[in-house]
file input.txt (compact mmCIF, C-alpha atoms and all ligand atoms)
# COMPACT_ATOMS: atom_id res chain seq x y z
CA MET A 21 83.48 106.22 140.99
CA LYS A 22 86.04 108.59 139.53
CA ARG A 23 84.58 111.72 137.99
CA VAL A 24 85.81 112.45 134.47
CA ALA A 25 85.21 114.82 131.55
CA VAL A 26 85.82 114.31 127.84
CA VAL A 27 87.36 117.20 125.92
CA GLY A 28 86.66 117.28 122.17
CA PHE A 29 83.58 115.37 121.06
CA GLY A 30 84.67 114.18 117.61
CA PHE A 31 85.57 110.65 116.51
CA MET A 32 87.83 109.95 119.47
CA GLY A 33 85.82 111.96 122.01
CA MET A 34 82.78 109.85 121.19
CA THR A 35 84.85 106.66 121.42
CA HIS A 36 86.10 107.62 124.89
CA THR A 37 82.58 108.68 125.92
CA LEU A 38 81.07 105.35 124.90
CA ASN A 39 83.67 103.40 126.85
CA ILE A 40 83.50 105.66 129.92
CA LEU A 41 79.72 105.14 130.02
CA GLN A 42 80.28 101.38 130.03
CA ASN A 43 82.90 101.48 132.79
CA ALA A 44 81.61 100.92 136.33
CA ASP A 45 84.55 102.81 137.89
CA LEU A 46 83.99 106.02 135.91
CA GLU A 47 81.29 108.66 136.01
CA LEU A 48 81.07 110.93 132.97
CA VAL A 49 80.35 114.32 134.48
CA ALA A 50 80.89 116.68 131.54
CA ILE A 51 81.68 116.96 127.86
CA VAL A 52 83.66 119.90 126.53
CA ASP A 53 83.58 120.90 122.89
CA LYS A 54 84.34 124.33 121.49
CA ASP A 55 81.14 123.96 119.55
CA PRO A 56 78.60 122.39 121.98
CA GLU A 57 76.06 122.14 119.16
CA SER A 58 78.37 119.69 117.43
CA ILE A 59 77.85 117.27 120.33
CA ALA A 60 74.32 116.46 119.18
CA LYS A 61 75.27 116.74 115.52
CA ASN A 62 78.26 114.37 115.81
CA LEU A 63 76.19 111.93 117.82
CA PHE A 64 73.89 111.31 114.88
CA SER A 65 76.57 111.38 112.17
CA PRO A 66 79.75 110.06 113.78
CA GLY A 67 82.98 110.45 111.83
CA GLY A 68 86.01 108.22 111.81
CA ASN A 69 87.64 105.68 109.52
CA PHE A 70 85.92 102.76 111.30
CA SER A 71 83.05 102.30 113.74
CA THR A 72 83.77 102.24 117.46
CA GLY A 73 80.13 101.87 118.54
CA ASN A 74 77.06 104.03 119.14
CA ILE A 75 76.15 106.19 122.13
CA ASP A 76 72.57 106.29 123.41
CA PRO A 77 71.54 109.97 122.89
CA GLU A 78 69.26 109.88 125.95
CA VAL A 79 72.16 109.08 128.25
CA LEU A 80 73.97 112.22 127.13
CA GLN A 81 71.05 114.50 127.99
CA ASN A 82 71.96 114.56 131.68
CA ILE A 83 75.64 115.24 131.13
CA ARG A 84 76.69 118.85 131.44
CA LYS A 85 78.19 120.47 128.36
CA TYR A 86 80.86 123.19 128.23
CA SER A 87 82.45 125.12 125.40
CA SER A 88 85.76 125.58 127.23
CA LEU A 89 87.91 123.29 129.36
CA HIS A 90 88.75 126.28 131.53
CA ASP A 91 85.08 126.77 132.50
CA CYS A 92 84.57 123.06 133.05
CA LEU A 93 87.59 122.83 135.37
CA HIS A 94 86.30 125.77 137.40
CA GLN A 95 82.76 124.50 137.75
CA GLU A 96 83.15 120.74 138.09
CA ASP A 97 84.83 118.64 140.72
CA LEU A 98 86.75 116.24 138.47
CA ASP A 99 89.34 113.54 139.05
CA ALA A 100 90.49 113.26 135.45
CA VAL A 101 90.05 114.49 131.90
CA HIS A 102 90.18 112.55 128.64
CA ILE A 103 91.69 114.89 126.06
CA CYS A 104 90.50 114.04 122.55
CA VAL A 105 91.10 117.26 120.62
CA HIS A 106 93.49 117.54 117.70
CA THR A 107 97.22 117.22 118.25
CA GLU A 108 97.96 120.95 118.03
CA LEU A 109 95.88 121.44 121.22
CA HIS A 110 97.30 118.49 123.19
CA TYR A 111 99.94 120.58 124.97
CA GLU A 112 97.75 123.48 126.11
CA MET A 113 94.81 121.28 127.15
CA ALA A 114 96.94 118.75 129.02
CA LYS A 115 98.87 121.56 130.72
CA LEU A 116 95.66 123.27 131.83
CA ALA A 117 94.27 120.02 133.25
CA LEU A 118 97.51 119.12 135.05
CA MET A 119 97.78 122.63 136.48
CA HIS A 120 94.31 122.07 137.95
CA ASP A 121 95.59 118.85 139.54
CA LYS A 122 93.62 116.54 137.25
CA HIS A 123 94.83 113.19 135.97
CA VAL A 124 95.02 113.07 132.16
CA LEU A 125 94.41 110.46 129.49
CA LEU A 126 95.65 112.21 126.33
CA GLU A 127 95.01 110.97 122.80
CA LYS A 128 98.04 110.04 120.73
CA PRO A 129 100.29 111.48 119.39
CA PHE A 130 101.59 112.99 122.65
CA THR A 131 102.78 116.34 121.19
CA LEU A 132 104.94 116.91 118.13
CA ASP A 133 107.12 119.33 120.11
CA ILE A 134 109.59 117.41 122.26
CA ASP A 135 110.19 120.31 124.67
CA GLN A 136 106.45 120.61 125.28
CA ALA A 137 106.15 116.88 125.93
CA GLU A 138 109.02 117.03 128.43
CA GLU A 139 107.40 119.98 130.17
CA LEU A 140 104.13 118.04 130.53
CA ILE A 141 105.97 115.01 131.93
CA GLN A 142 107.66 117.21 134.53
CA LEU A 143 104.40 118.93 135.42
CA ALA A 144 102.63 115.59 135.92
CA GLU A 145 105.50 114.38 138.12
CA LYS A 146 105.57 117.59 140.16
CA ASN A 147 101.79 117.45 140.77
CA ASN A 148 101.85 113.68 141.27
CA ARG A 149 99.22 113.19 138.55
CA ILE A 150 98.83 110.44 135.94
CA LEU A 151 99.67 111.45 132.38
CA MET A 152 98.92 108.51 130.12
CA ILE A 153 98.94 108.64 126.30
CA ALA A 154 96.21 106.66 124.55
CA HIS A 155 98.26 104.28 122.41
CA VAL A 156 95.32 101.96 121.92
CA VAL A 157 97.07 99.30 119.83
CA ARG A 158 98.89 98.12 122.97
CA PHE A 159 95.46 97.21 124.36
CA MET A 160 94.06 95.50 121.23
CA PRO A 161 93.65 91.73 121.68
CA PRO A 162 95.18 90.73 118.28
CA TYR A 163 98.29 92.78 119.10
CA GLN A 164 98.44 91.55 122.70
CA LYS A 165 98.50 88.02 121.23
CA LEU A 166 101.41 88.99 118.98
CA LYS A 167 103.28 90.32 122.03
CA HIS A 168 102.60 87.02 123.78
CA PHE A 169 103.99 85.03 120.80
CA ILE A 170 107.15 87.14 120.88
CA ASP A 171 107.66 87.13 124.67
CA SER A 172 106.85 83.43 125.14
CA ASN A 173 109.02 82.17 122.25
CA GLU A 174 106.07 79.88 121.44
CA PHE A 175 107.12 79.74 117.76
CA GLY A 176 110.82 80.27 118.35
CA GLU A 177 112.68 83.50 117.71
CA LEU A 178 111.07 86.30 115.71
CA LYS A 179 112.92 86.89 112.43
CA PHE A 180 110.74 89.42 110.60
CA LEU A 181 107.78 91.57 111.61
CA SER A 182 105.81 93.54 109.03
CA MET A 183 103.21 96.00 110.35
CA THR A 184 100.82 97.80 108.02
CA ARG A 185 98.17 100.47 108.51
CA ILE A 186 96.26 101.95 105.57
CA SER A 187 93.53 104.56 105.61
CA GLY A 188 91.84 107.04 103.36
CA VAL A 189 92.68 110.67 104.01
CA PRO A 190 90.61 111.66 107.09
CA GLY A 191 87.40 113.26 105.83
CA TRP A 192 85.47 113.82 109.06
CA GLY A 193 85.26 116.46 111.79
CA GLU A 194 87.99 119.07 111.86
CA TRP A 195 90.23 116.94 109.62
CA THR A 196 88.79 118.79 106.67
CA GLU A 197 90.33 122.05 107.92
CA LYS A 198 93.70 122.86 106.41
CA GLN A 199 95.30 124.16 109.58
CA VAL A 200 94.42 121.00 111.53
CA THR A 201 95.56 118.61 108.83
CA LYS A 202 98.98 120.24 108.66
CA SER A 203 99.50 120.29 112.42
CA SER A 204 98.65 116.58 112.70
CA GLY A 205 102.18 115.72 111.58
CA GLY A 206 100.77 113.74 108.65
CA ALA A 207 100.37 109.97 108.54
CA LEU A 208 103.80 109.31 110.02
CA PHE A 209 102.97 111.00 113.34
CA ASP A 210 99.24 110.28 113.31
CA LEU A 211 98.80 106.83 111.75
CA ASN A 212 102.11 104.98 111.42
CA ILE A 213 102.90 106.02 114.99
CA HIS A 214 100.53 103.25 116.16
CA ASP A 215 102.84 100.59 114.68
CA ILE A 216 106.02 102.49 115.49
CA ASP A 217 104.93 102.65 119.14
CA PHE A 218 103.87 98.99 119.21
CA ALA A 219 106.99 97.61 117.51
CA SER A 220 109.29 99.59 119.81
CA TYR A 221 107.19 98.49 122.81
CA VAL A 222 107.67 94.80 122.01
CA LEU A 223 111.16 94.85 120.50
CA GLY A 224 112.83 98.06 121.69
CA SER A 225 114.09 100.97 119.60
CA PRO A 226 115.92 100.01 116.41
CA SER A 227 119.61 100.78 115.85
CA SER A 228 118.99 101.80 112.27
CA ILE A 229 116.01 102.92 110.18
CA LYS A 230 115.88 103.10 106.39
CA SER A 231 112.74 104.87 105.32
CA SER A 232 111.11 106.43 102.33
CA TYR A 233 107.84 108.27 102.10
CA LEU A 234 105.32 109.90 99.79
CA PRO A 235 103.53 113.23 100.16
CA GLY A 236 99.77 113.44 100.56
CA MET A 237 97.07 115.93 101.55
CA LEU A 238 98.39 116.35 105.11
CA SER A 239 102.17 116.35 104.85
CA GLU A 240 105.27 115.28 102.96
CA ASN A 241 105.16 111.94 104.82
CA ASP A 242 101.65 110.58 104.33
CA TYR A 243 102.83 107.17 103.11
CA VAL A 244 105.79 105.58 104.87
CA SER A 245 107.79 102.46 104.11
CA ALA A 246 110.55 101.80 106.61
CA MET A 247 112.85 98.92 107.52
CA TRP A 248 114.27 98.72 111.03
CA SER A 249 117.27 96.71 112.10
CA TYR A 250 118.89 96.01 115.47
CA SER A 251 122.56 95.64 116.34
CA ASP A 252 121.84 93.16 119.15
CA LYS A 253 119.34 90.81 117.41
CA PRO A 254 118.77 89.52 113.89
CA VAL A 255 115.10 90.61 113.62
CA ARG A 256 114.00 93.10 110.94
CA VAL A 257 110.84 95.20 111.23
CA LYS A 258 108.94 96.73 108.36
CA ILE A 259 106.59 99.64 109.03
CA GLU A 260 104.36 100.48 106.11
CA GLY A 261 101.22 102.48 105.43
CA GLY A 262 99.64 105.83 105.16
CA ASN A 263 96.56 107.81 104.29
CA THR A 264 97.21 108.95 100.74
CA PHE A 265 94.11 107.05 99.57
CA HIS A 266 90.70 108.61 98.92
CA SER A 267 88.58 109.29 102.01
CA HIS A 268 86.27 106.31 101.63
CA PHE A 269 89.09 103.80 101.09
CA PRO A 270 88.53 101.02 103.67
CA PHE A 271 90.71 101.19 106.77
CA GLN A 272 92.90 98.14 107.30
CA ALA A 273 95.66 97.32 109.73
CA GLY A 274 97.54 94.17 110.51
CA TYR A 275 100.79 92.31 110.85
CA MET A 276 102.81 89.40 109.44
CA ALA A 277 105.32 87.84 111.78
CA GLN A 278 107.84 85.25 110.69
CA PHE A 279 109.12 83.19 113.62
CA GLU A 280 111.61 80.29 113.42
CA LYS A 281 108.87 77.65 113.52
CA ALA A 282 105.77 79.42 112.11
CA SER A 283 104.51 82.48 110.28
CA VAL A 284 101.59 84.43 111.71
CA LEU A 285 99.10 86.67 109.91
CA TYR A 286 96.51 89.10 111.24
CA SER A 287 94.55 91.61 109.19
CA SER A 288 91.63 93.74 110.37
CA SER A 289 90.05 93.08 106.97
CA GLY A 290 90.28 89.29 107.37
CA GLY A 291 87.89 88.72 110.29
CA ASP A 292 88.77 88.31 113.95
CA VAL A 293 91.26 85.50 113.35
CA ILE A 294 94.99 85.00 113.43
CA ARG A 295 96.36 82.54 110.84
CA ILE A 296 99.34 80.44 111.84
CA ALA A 297 101.19 78.62 109.06
CA ASP A 298 104.16 76.27 108.98
CA ASN A 299 105.52 74.11 106.17
CA THR A 300 102.85 71.44 106.60
CA SER A 301 99.61 73.21 107.56
CA ILE A 302 97.75 76.40 108.36
CA ARG A 303 95.34 76.92 111.25
CA GLU A 304 93.24 79.75 112.65
CA ILE A 305 92.90 80.94 116.23
CA PRO A 306 90.56 83.67 117.53
CA ALA A 307 92.21 87.09 117.38
CA GLY A 308 89.71 88.88 119.58
CA ASP A 309 88.10 92.14 118.60
CA ALA A 310 90.61 94.95 117.94
CA GLY A 311 87.85 97.44 118.86
CA GLU A 312 88.05 96.18 122.44
CA GLY A 313 91.37 97.99 122.64
CA TYR A 314 89.51 101.21 123.49
CA THR A 315 87.52 99.48 126.25
CA ASN A 316 90.68 97.89 127.67
CA GLU A 317 92.68 101.12 127.49
CA ILE A 318 90.02 103.14 129.32
CA ALA A 319 89.53 100.36 131.88
CA TYR A 320 93.29 100.37 132.48
CA PHE A 321 93.31 104.14 133.03
CA ALA A 322 90.26 103.83 135.32
CA ASN A 323 92.05 101.16 137.32
CA CYS A 324 95.10 103.40 137.78
CA LEU A 325 92.77 106.18 139.01
CA LYS A 326 90.96 103.82 141.37
CA ASN A 327 94.13 102.37 142.88
CA ASN A 328 95.99 105.67 142.77
CA THR A 329 98.88 104.06 140.90
CA GLN A 330 100.94 105.33 137.99
CA PRO A 331 100.44 103.39 134.74
CA THR A 332 103.21 101.08 133.59
CA GLU A 333 101.68 100.96 130.09
CA CYS A 334 101.65 103.98 127.78
CA MET A 335 103.56 106.14 130.19
CA ALA A 336 104.16 109.61 128.85
CA ALA A 337 107.94 109.03 128.77
CA SER A 338 107.60 105.99 126.50
CA SER A 339 105.13 107.85 124.26
CA LEU A 340 107.68 110.64 123.94
CA GLU A 341 110.20 108.02 122.75
CA SER A 342 107.69 107.05 120.04
CA ILE A 343 107.52 110.68 118.91
CA LYS A 344 111.33 110.82 118.74
CA LEU A 345 111.30 107.56 116.78
CA CYS A 346 108.88 109.09 114.27
CA TYR A 347 111.33 111.97 113.76
CA ASN A 348 114.05 109.38 113.12
CA HIS A 349 112.06 108.24 110.06
CA LEU A 350 112.44 111.62 108.36
N1 LIG B 401 93.52 106.32 119.02
C1 LIG B 401 92.97 106.31 117.82
O1 LIG B 401 92.66 105.25 117.26
C2 LIG B 401 92.70 107.63 117.13
C3 LIG B 401 91.89 107.66 116.00
C4 LIG B 401 91.60 108.91 115.43
C5 LIG B 401 92.12 110.06 115.96
N2 LIG B 401 92.95 109.99 117.06
C6 LIG B 401 93.52 111.22 117.65
O2 LIG B 401 92.47 111.90 118.35
C7 LIG B 401 92.60 113.33 118.20
C8 LIG B 401 91.29 113.88 117.65
O3 LIG B 401 90.99 113.30 116.40
P1 LIG B 401 89.46 113.09 115.91
O4 LIG B 401 89.53 112.28 114.68
O5 LIG B 401 88.64 112.64 117.05
O6 LIG B 401 89.08 114.62 115.55
P2 LIG B 401 87.64 115.27 115.22
O7 LIG B 401 87.89 116.34 114.23
O8 LIG B 401 86.66 114.19 114.89
O9 LIG B 401 87.20 115.89 116.64
C9 LIG B 401 87.84 116.96 117.26
C10 LIG B 401 86.82 117.63 118.18
O10 LIG B 401 87.50 118.58 119.01
C11 LIG B 401 86.67 119.73 119.14
N3 LIG B 401 87.49 120.90 119.53
C12 LIG B 401 88.31 121.65 118.77
N4 LIG B 401 88.87 122.64 119.49
C13 LIG B 401 88.42 122.50 120.75
C14 LIG B 401 88.62 123.21 121.95
N5 LIG B 401 89.43 124.29 122.00
N6 LIG B 401 87.98 122.79 123.07
C15 LIG B 401 87.15 121.71 123.04
N7 LIG B 401 86.91 121.01 121.91
C16 LIG B 401 87.53 121.39 120.79
C17 LIG B 401 86.03 119.88 117.76
O11 LIG B 401 84.86 120.71 117.77
C18 LIG B 401 85.73 118.43 117.41
O12 LIG B 401 84.43 118.03 117.84
C19 LIG B 401 93.80 113.55 117.30
O13 LIG B 401 94.94 113.85 118.09
C20 LIG B 401 94.02 112.21 116.61
O14 LIG B 401 95.37 111.93 116.31
C21 LIG B 401 93.23 108.80 117.65
call {"tool": "encode", "arguments": {"input": "input.txt", "output": "C-alpha cells", "more": "lines below"}}
Ligand SMILES: NC(=O)c1ccc[n+]([C@@H]2O[C@H](COP(=O)([O-])OP(=O)(O)OC[C@H]3O[C@@H](n4cnc5c(N)ncnc54)[C@H](O)[C@@H]3O)[C@@H](O)[C@H]2O)c1
result
Amino acid sequence: MKRVAVVGFGFMGMTHTLNILQNADLELVAIVDKDPESIAKNLFSPGGNFSTGNIDPEVLQNIRKYSSLHDCLHQEDLDAVHICVHTELHYEMAKLALMHDKHVLLEKPFTLDIDQAEELIQLAEKNNRILMIAHVVRFMPPYQKLKHFIDSNEFGELKFLSMTRISGVPGWGEWTEKQVTKSSGGALFDLNIHDIDFASYVLGSPSSIKSSYLPGMLSENDYVSAMWSYSDKPVRVKIEGGNTFHSHFPFQAGYMAQFEKASVLYSSSGGDVIRIADNTSIREIPAGDAGEGYTNEIAYFANCLKNNTQPTECMAASSLESIKLCYNHL
C-alpha cells in the first residue's frame, strides 16, 4: 500500500479522505490541517455545495494529525500527499511536498500564477515525481460518456456543446474569509474551470473566445457566458455558469450536446440519466453517478503510484493550459 497524507481537511480534504479510506492501494497515514480541532468539527458538519459522502469518525481516531505539512513530512514516511487547501496555498504546499520527494495530487485550480505552475512542473520532472491536478470532471461517468459519444462518432459529428455549472456563493469553511475568496480567482478559475478543462480536453483549445461576465462576492468574473469557436472544425462550445447565487442555491451542472443525428442532455439535477433525442423519439440511458468521479480520480492516482508511472490524464502541463484558457476569457 502507498502511504499518503491529506493536507487541508475541509470540503475537498474530507472528500479525498473518504475515497482514500475506500481504496485498497492507499493507506491514510496522516491528516494535516492548520487547525487540527477543525478535523473533528468538520467531520460532524461537513461543508460543500453537494454531498460527497460521510467518513466514519472512529476510523479517523487512529490517523495521526498535524498542524503543519512541514512537521508531517519530517515525521512520517510518505509516498504522496493530497493537497486540498485553498488555491493561494497550492504553490507553496506542492513545492514543499515535491522538494521532499513526495508525489502530489493537487486540487484544482493548479495555481493562478503561470510562472509558479511552470516551476512546479519543472520541479516534479527534476525529482521524477508525479504532479497530477485533480480535475475530477474528467473522471465523472456522465462526462466520460459524453467523451465516448464525441470520440466514437456514435451520433455523427458534434455541432454544438453547451456546458453549464451553477452554484451558490461558497458559504462553508474558509470560503467565508475575504482573503481566501479573492485569491480563489472567482468562479471563472474555480468553478467554470471544470467545464473549460473538460471541453478543451475533448475538443482541444478554441481558436476564438467571446465572453462576458458578471461580478459577484468573489471577483469581477463570478458569472461567465462564453462562446468558443474553432478554425479547423465547425463545432461551437458554450461555457456558462457561476456562483453569484445565494449560498443555499442548489448546485447543478450538466451539458447539452447537439450531434448530427441526435441531441444529448445530462443534468445533475435530473437524476442519473442521459436523455438522447432525435426527430422521432427520446430515450434515457444510465449516466452513472457523477460523485464516483472522486473515487475514480483517486483510484487513478493510486494506480500511477502503484505502477510507478506518470499519469496521462490531468497532467500538470494540461492543467496549466486550462489556467491559461481561463485567462483568455478575461
Ligand atoms: N474538485 C472539486 O470538485 C472541488 C470542490 C470544491 C473545492 N475544490 C478546491 O479545493 C480547494 C479547497 O477548497 P474547500 O472547499 O475544500 O475549502 P475549505 O475551506 O472547506 O477547506 C480548506 C481547509 O484547509 C485548511 N488549511 C488552511 N490553511 C492550511 C495550512 N496552512 N495547512 C493545512 N491546512 C490548512 C483549513 O483549516 C480548512 O480546513 C480549493 O482549491 C478549491 O478550488 C475542488
call {"tool": "closest_residue", "arguments": {"input": "input.txt", "among": "A:Gly193, A:Pro235, A:Pro56, A:Pro331", "to": "Thr264 in chain A", "atoms": "all atoms listed in the file"}}
result
A:Pro235
call {"tool": "atom_distance", "arguments": {"input": "input.txt", "atom1": "CA of Asn173 in chain A", "atom2": "CA of Val156 in chain A"}}
result
24.1 Å
call {"tool": "closest_atom_pairs", "arguments": {"input": "input.txt", "of": "chain A", "to": "ligand LIG 401 (chain B)", "cutoff": "6 Å", "atoms": "only C-alpha atoms and all ligand atoms", "output": "JSON lines"}}
result
{"residue": "A:Val27", "atom": "CA", "partner": "B:LIG401", "partner_atom": "C15", "distance": 5.4}
{"residue": "A:Gly28", "atom": "CA", "partner": "B:LIG401", "partner_atom": "O10", "distance": 3.5}
{"residue": "A:Phe29", "atom": "CA", "partner": "B:LIG401", "partner_atom": "O12", "distance": 4.3}
{"residue": "A:Gly30", "atom": "CA", "partner": "B:LIG401", "partner_atom": "O9", "distance": 3.2}
{"residue": "A:Phe31", "atom": "CA", "partner": "B:LIG401", "partner_atom": "O5", "distance": 3.7}
{"residue": "A:Met32", "atom": "CA", "partner": "B:LIG401", "partner_atom": "O5", "distance": 3.7}
{"residue": "A:Gly33", "atom": "CA", "partner": "B:LIG401", "partner_atom": "O5", "distance": 5.7}
{"residue": "A:Val52", "atom": "CA", "partner": "B:LIG401", "partner_atom": "C15", "distance": 5.3}
{"residue": "A:Asp53", "atom": "CA", "partner": "B:LIG401", "partner_atom": "N7", "distance": 3.5}
{"residue": "A:Lys54", "atom": "CA", "partner": "B:LIG401", "partner_atom": "C15", "distance": 4.1}
{"residue": "A:Asp55", "atom": "CA", "partner": "B:LIG401", "partner_atom": "O11", "distance": 5.3}
{"residue": "A:Ser88", "atom": "CA", "partner": "B:LIG401", "partner_atom": "N6", "distance": 5.5}
{"residue": "A:Cys104", "atom": "CA", "partner": "B:LIG401", "partner_atom": "C7", "distance": 4.9}
{"residue": "A:Val105", "atom": "CA", "partner": "B:LIG401", "partner_atom": "O10", "distance": 4.2}
{"residue": "A:His106", "atom": "CA", "partner": "B:LIG401", "partner_atom": "O13", "distance": 4.0}
{"residue": "A:Thr107", "atom": "CA", "partner": "B:LIG401", "partner_atom": "O13", "distance": 4.1}
{"residue": "A:Glu127", "atom": "CA", "partner": "B:LIG401", "partner_atom": "O2", "distance": 5.2}
{"residue": "A:Lys128", "atom": "CA", "partner": "B:LIG401", "partner_atom": "O14", "distance": 5.5}
{"residue": "A:Pro129", "atom": "CA", "partner": "B:LIG401", "partner_atom": "O14", "distance": 5.8}
{"residue": "A:Val156", "atom": "CA", "partner": "B:LIG401", "partner_atom": "N1", "distance": 5.5}
{"residue": "A:Trp192", "atom": "CA", "partner": "B:LIG401", "partner_atom": "O8", "distance": 6.0}
{"residue": "A:Gly193", "atom": "CA", "partner": "B:LIG401", "partner_atom": "O7", "distance": 3.6}
{"residue": "A:Glu194", "atom": "CA", "partner": "B:LIG401", "partner_atom": "O7", "distance": 3.6}
{"residue": "A:Trp195", "atom": "CA", "partner": "B:LIG401", "partner_atom": "O7", "distance": 5.2}
{"residue": "A:Asp210", "atom": "CA", "partner": "B:LIG401", "partner_atom": "O14", "distance": 5.2}
call {"tool": "write_last_selection", "arguments": {"input": "input.txt", "atoms": "C-alpha atoms", "output": "compact mmCIF listing (two decimals), in the coordinates of the input"}}
result
# COMPACT_ATOMS: atom_id res chain seq x y z
CA VAL A 27 87.36 117.20 125.92
CA GLY A 28 86.66 117.28 122.17
CA PHE A 29 83.58 115.37 121.06
CA GLY A 30 84.67 114.18 117.61
CA PHE A 31 85.57 110.65 116.51
CA MET A 32 87.83 109.95 119.47
CA GLY A 33 85.82 111.96 122.01
CA VAL A 52 83.66 119.90 126.53
CA ASP A 53 83.58 120.90 122.89
CA LYS A 54 84.34 124.33 121.49
CA ASP A 55 81.14 123.96 119.55
CA SER A 88 85.76 125.58 127.23
CA CYS A 104 90.50 114.04 122.55
CA VAL A 105 91.10 117.26 120.62
CA HIS A 106 93.49 117.54 117.70
CA THR A 107 97.22 117.22 118.25
CA GLU A 127 95.01 110.97 122.80
CA LYS A 128 98.04 110.04 120.73
CA PRO A 129 100.29 111.48 119.39
CA VAL A 156 95.32 101.96 121.92
CA TRP A 192 85.47 113.82 109.06
CA GLY A 193 85.26 116.46 111.79
CA GLU A 194 87.99 119.07 111.86
CA TRP A 195 90.23 116.94 109.62
CA ASP A 210 99.24 110.28 113.31
call {"tool": "closest_residue", "arguments": {"input": "input.txt", "among": "A:Leu238, A:Phe209, A:Asp99, A:Ile75", "to": "Asp133 in chain A", "atoms": "only C-alpha atoms"}}
result
A:Phe209
call {"tool": "closest_residue", "arguments": {"input": "input.txt", "among": "A:Ser342, A:Ile186, A:Leu126, A:Ile296", "to": "Ser267 in chain A", "atoms": "all atoms listed in the file"}}
result
A:Ile186
call {"tool": "atom_distance", "arguments": {"input": "input.txt", "atom1": "CA of Ala273 in chain A", "atom2": "CA of Leu223 in chain A"}}
result
19.0 Å
call {"tool": "closest_residue", "arguments": {"input": "input.txt", "among": "A:Asn348, A:Gln278, A:Ser231, A:Ser225", "to": "Ser245 in chain A", "atoms": "all atoms listed in the file"}}
result
A:Ser231
call {"tool": "closest_residue", "arguments": {"input": "input.txt", "among": "A:Ile259, A:Leu140, A:Ile229, A:Ile40", "to": "Met183 in chain A", "atoms": "only C-alpha atoms"}}
result
A:Ile259
call {"tool": "residues_around", "arguments": {"input": "input.txt", "residues": "Leu93 in chain A", "least_positions_apart": "5", "cutoff": "8 Å", "atoms": "only C-alpha atoms", "output": "PDB file with C-alpha atoms, in the coordinates of the input"}}
result
ATOM      1  CA  LEU A  98      86.750 116.240 138.470  1.00  0.00           C
ATOM      2  CA  ALA A 117      94.270 120.020 133.250  1.00  0.00           C
ATOM      3  CA  HIS A 120      94.310 122.070 137.950  1.00  0.00           C
TER       4      HIS A 120
END
call {"tool": "residues_near_point", "arguments": {"input": "input.txt", "point": "(108.6, 117.6, 130.1)", "cutoff": "12 Å", "atoms": "all atoms listed in the file", "output": "PyMOL selection string"}}
result
chain A and resi 111+114-115+130-131+133-146+151+336-337+339-340
call {"tool": "write_last_selection", "arguments": {"input": "input.txt", "atoms": "C-alpha atoms", "output": "short mmCIF file (atom, residue, chain, number, x, y, z; two decimals), in the coordinates of the input"}}
result
data_model
loop_
_atom_site.label_atom_id
_atom_site.label_comp_id
_atom_site.auth_asym_id
_atom_site.auth_seq_id
_atom_site.Cartn_x
_atom_site.Cartn_y
_atom_site.Cartn_z
CA TYR A 111 99.94 120.58 124.97
CA ALA A 114 96.94 118.75 129.02
CA LYS A 115 98.87 121.56 130.72
CA PHE A 130 101.59 112.99 122.65
CA THR A 131 102.78 116.34 121.19
CA ASP A 133 107.12 119.33 120.11
CA ILE A 134 109.59 117.41 122.26
CA ASP A 135 110.19 120.31 124.67
CA GLN A 136 106.45 120.61 125.28
CA ALA A 137 106.15 116.88 125.93
CA GLU A 138 109.02 117.03 128.43
CA GLU A 139 107.40 119.98 130.17
CA LEU A 140 104.13 118.04 130.53
CA ILE A 141 105.97 115.01 131.93
CA GLN A 142 107.66 117.21 134.53
CA LEU A 143 104.40 118.93 135.42
CA ALA A 144 102.63 115.59 135.92
CA GLU A 145 105.50 114.38 138.12
CA LYS A 146 105.57 117.59 140.16
CA LEU A 151 99.67 111.45 132.38
CA ALA A 336 104.16 109.61 128.85
CA ALA A 337 107.94 109.03 128.77
CA SER A 339 105.13 107.85 124.26
CA LEU A 340 107.68 110.64 123.94
#
call {"tool": "closest_residue", "arguments": {"input": "input.txt", "among": "A:Leu350, A:Ala307, A:Cys324, A:Ile213", "to": "Tyr233 in chain A", "atoms": "all atoms listed in the file"}}
result
A:Leu350
call {"tool": "atom_distance", "arguments": {"input": "input.txt", "atom1": "CA of Leu125 in chain A", "atom2": "CA of Asp91 in chain A"}}
result
19.0 Å
call {"tool": "residues_near_point", "arguments": {"input": "input.txt", "point": "(89.3, 88.7, 108.1)", "cutoff": "12 Å", "atoms": "all atoms listed in the file", "output": "PDB file with C-alpha atoms, in the frame of the given file"}}
result
ATOM      1  CA  PRO A 162      95.180  90.730 118.280  1.00  0.00           C
ATOM      2  CA  GLN A 272      92.900  98.140 107.300  1.00  0.00           C
ATOM      3  CA  ALA A 273      95.660  97.320 109.730  1.00  0.00           C
ATOM      4  CA  GLY A 274      97.540  94.170 110.510  1.00  0.00           C
ATOM      5  CA  LEU A 285      99.100  86.670 109.910  1.00  0.00           C
ATOM      6  CA  TYR A 286      96.510  89.100 111.240  1.00  0.00           C
ATOM      7  CA  SER A 287      94.550  91.610 109.190  1.00  0.00           C
ATOM      8  CA  SER A 288      91.630  93.740 110.370  1.00  0.00           C
ATOM      9  CA  SER A 289      90.050  93.080 106.970  1.00  0.00           C
ATOM     10  CA  GLY A 290      90.280  89.290 107.370  1.00  0.00           C
ATOM     11  CA  GLY A 291      87.890  88.720 110.290  1.00  0.00           C
ATOM     12  CA  ASP A 292      88.770  88.310 113.950  1.00  0.00           C
ATOM     13  CA  VAL A 293      91.260  85.500 113.350  1.00  0.00           C
ATOM     14  CA  ILE A 294      94.990  85.000 113.430  1.00  0.00           C
ATOM     15  CA  ARG A 295      96.360  82.540 110.840  1.00  0.00           C
ATOM     16  CA  GLU A 304      93.240  79.750 112.650  1.00  0.00           C
ATOM     17  CA  ILE A 305      92.900  80.940 116.230  1.00  0.00           C
ATOM     18  CA  PRO A 306      90.560  83.670 117.530  1.00  0.00           C
ATOM     19  CA  ALA A 307      92.210  87.090 117.380  1.00  0.00           C
ATOM     20  CA  GLY A 308      89.710  88.880 119.580  1.00  0.00           C
ATOM     21  CA  ASP A 309      88.100  92.140 118.600  1.00  0.00           C
ATOM     22  CA  ALA A 310      90.610  94.950 117.940  1.00  0.00           C
TER      23      ALA A 310
END
call {"tool": "residues_around", "arguments": {"input": "input.txt", "residues": "Val244 in chain A", "least_positions_apart": "3", "cutoff": "9 Å", "atoms": "all atoms listed in the file", "output": "list in words"}}
result
Ala207, Leu208, Asn212, Ser231, Ser232, Tyr233, Leu234, Asn241, Ile259, Glu260, Gly261, Gly262 and His349 of chain A
